[in-house]
Amino acid sequence: MQELPGNPLDNQRKFFTQLNYILYIASVFSIVTGFIAIAINYSMFSEVKGSYLESHFYWQMNTFWIFLAGFVLTLILSFSIFGWMVYLGAFVVVIYRSFKGWLALSRGQALVG
């Protein structure tokens with residue numbers, strides 16, 4: 001069910017979606033914020049189901065799992081130059097996906113792909 005734009009509940013959901021984008025950006029410096037954001041995503045997912053925010057939650061969850069995979073791979077390869085290259089790639093992916101999602105959110109648009 002699509003909420004009306006002025007609905008306080010919709011504003012709260014949008015706030016948490018924005019907060020998650022900030023937490024995901026911060027996760028490249030401290031992975032703890034990524035775990036906080038993914039907990040918010042999973043705990044609030046049923047509340048955004050059926051709205052344009054659902055696509056943002058999927059986008060954010062995919063961003064987290066991509067970054068976590070990159071982080072684990074970085075730890076495994078940490079003693080070589082490849083580990084830092086993987087981390088740099090994961091860093092770029094998180095920043096790109098977070099800003100792309102945040103821009104779409106600010107326009108009230110769902111994310112595709």
# chains A, B, ... in the order shown; residues from 1 in each chain; ligands from 1
>>> residues_around(residues="Phe57 in chain A", least_positions_apart="4", cutoff="7 Å", atoms="only C-alpha atoms", output="list in words")
Asn41, Phe45, Leu53 and Met61 of chain A
>>> write_last_selection(atoms="N, CA and C atoms", output="tab-separated table (two decimals), in the first residue's frame")
chain	number	residue	atom	x	y	z
A	41	ASN	N	17.46	-2.31	8.17
A	41	ASN	CA	16.84	-2.77	6.93
A	41	ASN	C	15.95	-3.98	7.16
A	45	PHE	N	11.78	-3.87	7.09
A	45	PHE	CA	11.45	-4.24	5.71
A	45	PHE	C	9.96	-4.45	5.50
A	53	LEU	N	9.96	2.77	-1.24
A	53	LEU	CA	11.09	2.57	-0.33
A	53	LEU	C	11.56	1.12	-0.30
A	61	MET	N	20.42	-3.39	1.21
A	61	MET	CA	20.82	-4.72	1.67
A	61	MET	C	21.85	-5.34	0.72
>>> closest_residue(among="A:Met44, A:Asn62, A:Leu73, A:Ser78", to="Arg13 in chain A", atoms="only C-alpha atoms")
A:Met44
>>> select_by_dssp(residues="chain A", states="alpha helix (DSSP H)", output="ChimeraX atom specification")
/A:8-26,31-48,53-76,81-106
>>> write_last_selection(atoms="C-alpha atoms", output="short mmCIF file (atom, residue, chain, number, x, y, z; two decimals), in the first residue's frame")
data_model
loop_
_atom_site.label_atom_id
_atom_site.label_comp_id
_atom_site.auth_asym_id
_atom_site.auth_seq_id
_atom_site.Cartn_x
_atom_site.Cartn_y
_atom_site.Cartn_z
CA PRO A 8 4.13 11.07 9.27
CA LEU A 9 4.68 7.31 9.08
CA ASP A 10 6.00 7.66 5.54
CA ASN A 11 8.28 10.50 6.71
CA GLN A 12 9.65 8.23 9.44
CA ARG A 13 10.32 5.44 6.93
CA LYS A 14 12.05 7.89 4.61
CA PHE A 15 14.14 9.19 7.52
CA PHE A 16 15.37 5.67 8.31
CA THR A 17 16.12 5.08 4.63
CA GLN A 18 18.23 8.26 4.58
CA LEU A 19 19.88 7.29 7.85
CA ASN A 20 20.84 3.94 6.37
CA TYR A 21 22.53 5.61 3.41
CA ILE A 22 24.61 7.64 5.87
CA LEU A 23 25.41 4.53 7.91
CA TYR A 24 26.49 2.63 4.79
CA ILE A 25 28.81 5.46 3.77
CA ALA A 26 30.27 5.45 7.30
CA ILE A 31 31.99 -1.79 9.63
CA VAL A 32 29.91 -1.55 12.82
CA THR A 33 27.72 1.11 11.19
CA GLY A 34 27.04 -1.30 8.34
CA PHE A 35 25.76 -3.90 10.80
CA ILE A 36 23.51 -1.28 12.42
CA ALA A 37 22.13 -0.31 9.00
CA ILE A 38 21.47 -3.89 7.91
CA ALA A 39 19.65 -4.52 11.20
CA ILE A 40 17.44 -1.51 10.47
CA ASN A 41 16.84 -2.77 6.93
CA TYR A 42 15.71 -6.21 8.03
CA SER A 43 13.68 -5.00 11.01
CA MET A 44 11.76 -2.38 9.00
CA PHE A 45 11.45 -4.24 5.71
CA SER A 46 7.86 -5.34 6.27
CA GLU A 47 6.87 -1.70 6.91
CA VAL A 48 8.13 -0.49 3.53
CA LEU A 53 11.09 2.57 -0.33
CA GLU A 54 11.10 -1.21 -0.74
CA SER A 55 13.47 -0.86 -3.70
CA HIS A 56 15.76 1.31 -1.58
CA PHE A 57 15.83 -1.30 1.17
CA TYR A 58 16.73 -4.03 -1.36
CA TRP A 59 19.40 -1.72 -2.79
CA GLN A 60 20.84 -1.06 0.67
CA MET A 61 20.82 -4.72 1.67
CA ASN A 62 22.61 -5.69 -1.55
CA THR A 63 25.13 -2.90 -0.92
CA PHE A 64 25.83 -4.31 2.55
CA TRP A 65 26.37 -7.86 1.33
CA ILE A 66 28.65 -6.69 -1.50
CA PHE A 67 30.69 -4.64 0.96
CA LEU A 68 30.84 -7.46 3.52
CA ALA A 69 32.11 -9.87 0.85
CA GLY A 70 34.74 -7.31 -0.15
CA PHE A 71 35.69 -6.74 3.48
CA VAL A 72 36.12 -10.48 4.16
CA LEU A 73 38.13 -10.89 0.97
CA THR A 74 40.27 -7.94 2.04
CA LEU A 75 40.98 -9.64 5.37
CA ILE A 76 41.95 -12.84 3.62
CA ILE A 81 48.50 -5.57 -2.52
CA PHE A 82 45.39 -7.37 -3.79
CA GLY A 83 43.70 -7.03 -0.42
CA TRP A 84 43.93 -3.26 -0.54
CA MET A 85 42.76 -3.21 -4.15
CA VAL A 86 39.69 -5.27 -3.19
CA TYR A 87 38.98 -2.89 -0.31
CA LEU A 88 39.33 0.12 -2.59
CA GLY A 89 36.87 -1.49 -5.00
CA ALA A 90 34.41 -2.21 -2.19
CA PHE A 91 34.84 1.37 -0.94
CA VAL A 92 33.99 2.78 -4.37
CA VAL A 93 30.98 0.48 -4.75
CA VAL A 94 29.52 1.50 -1.37
CA ILE A 95 30.02 5.21 -1.99
CA TYR A 96 28.58 5.00 -5.52
CA ARG A 97 25.56 2.91 -4.53
CA SER A 98 24.85 5.06 -1.47
CA PHE A 99 24.90 8.33 -3.37
CA LYS A 100 22.93 6.91 -6.29
CA GLY A 101 20.28 5.62 -3.90
CA TRP A 102 20.21 8.81 -1.87
CA LEU A 103 19.70 10.92 -5.00
CA ALA A 104 16.83 8.70 -6.14
CA LEU A 105 15.32 8.86 -2.65
CA SER A 106 15.50 12.65 -2.62
#
>>> decode(residues="range 52-66 of chain A", atoms="N, CA and C atoms", output="mmCIF file, in the first residue's frame")
data_model
loop_
_atom_site.group_PDB
_atom_site.id
_atom_site.type_symbol
_atom_site.label_atom_id
_atom_site.label_comp_id
_atom_site.auth_asym_id
_atom_site.auth_seq_id
_atom_site.Cartn_x
_atom_site.Cartn_y
_atom_site.Cartn_z
ATOM 1 N N TYR A 52 7.653 2.664 -2.664
ATOM 2 C CA TYR A 52 8.880 2.885 -3.427
ATOM 3 C C TYR A 52 10.118 2.702 -2.557
ATOM 4 N N LEU A 53 9.961 2.766 -1.238
ATOM 5 C CA LEU A 53 11.090 2.571 -0.330
ATOM 6 C C LEU A 53 11.562 1.123 -0.303
ATOM 7 N N GLU A 54 10.705 0.200 -0.703
ATOM 8 C CA GLU A 54 11.097 -1.210 -0.743
ATOM 9 C C GLU A 54 12.316 -1.400 -1.642
ATOM 10 N N SER A 55 12.324 -0.727 -2.794
ATOM 11 C CA SER A 55 13.468 -0.863 -3.703
ATOM 12 C C SER A 55 14.737 -0.299 -3.072
ATOM 13 N N HIS A 56 14.596 0.742 -2.265
ATOM 14 C CA HIS A 56 15.759 1.310 -1.579
ATOM 15 C C HIS A 56 16.293 0.338 -0.529
ATOM 16 N N PHE A 57 15.396 -0.341 0.172
ATOM 17 C CA PHE A 57 15.834 -1.304 1.172
ATOM 18 C C PHE A 57 16.557 -2.475 0.509
ATOM 19 N N TYR A 58 16.027 -2.976 -0.618
ATOM 20 C CA TYR A 58 16.729 -4.029 -1.356
ATOM 21 C C TYR A 58 18.111 -3.535 -1.786
ATOM 22 N N TRP A 59 18.160 -2.323 -2.323
ATOM 23 C CA TRP A 59 19.404 -1.721 -2.789
ATOM 24 C C TRP A 59 20.418 -1.637 -1.642
ATOM 25 N N GLN A 60 19.958 -1.192 -0.488
ATOM 26 C CA GLN A 60 20.839 -1.063 0.673
ATOM 27 C C GLN A 60 21.314 -2.424 1.171
ATOM 28 N N MET A 61 20.418 -3.393 1.209
ATOM 29 C CA MET A 61 20.818 -4.720 1.674
ATOM 30 C C MET A 61 21.845 -5.338 0.724
ATOM 31 N N ASN A 62 21.627 -5.180 -0.582
ATOM 32 C CA ASN A 62 22.607 -5.685 -1.547
ATOM 33 C C ASN A 62 23.945 -4.972 -1.398
ATOM 34 N N THR A 63 23.904 -3.669 -1.137
ATOM 35 C CA THR A 63 25.128 -2.902 -0.922
ATOM 36 C C THR A 63 25.886 -3.456 0.279
ATOM 37 N N PHE A 64 25.181 -3.755 1.351
ATOM 38 C CA PHE A 64 25.825 -4.306 2.549
ATOM 39 C C PHE A 64 26.504 -5.629 2.233
ATOM 40 N N TRP A 65 25.789 -6.533 1.571
ATOM 41 C CA TRP A 65 26.370 -7.862 1.326
ATOM 42 C C TRP A 65 27.551 -7.793 0.364
ATOM 43 N N ILE A 66 27.499 -6.887 -0.604
ATOM 44 C CA ILE A 66 28.646 -6.690 -1.498
ATOM 45 C C ILE A 66 29.842 -6.192 -0.695
#
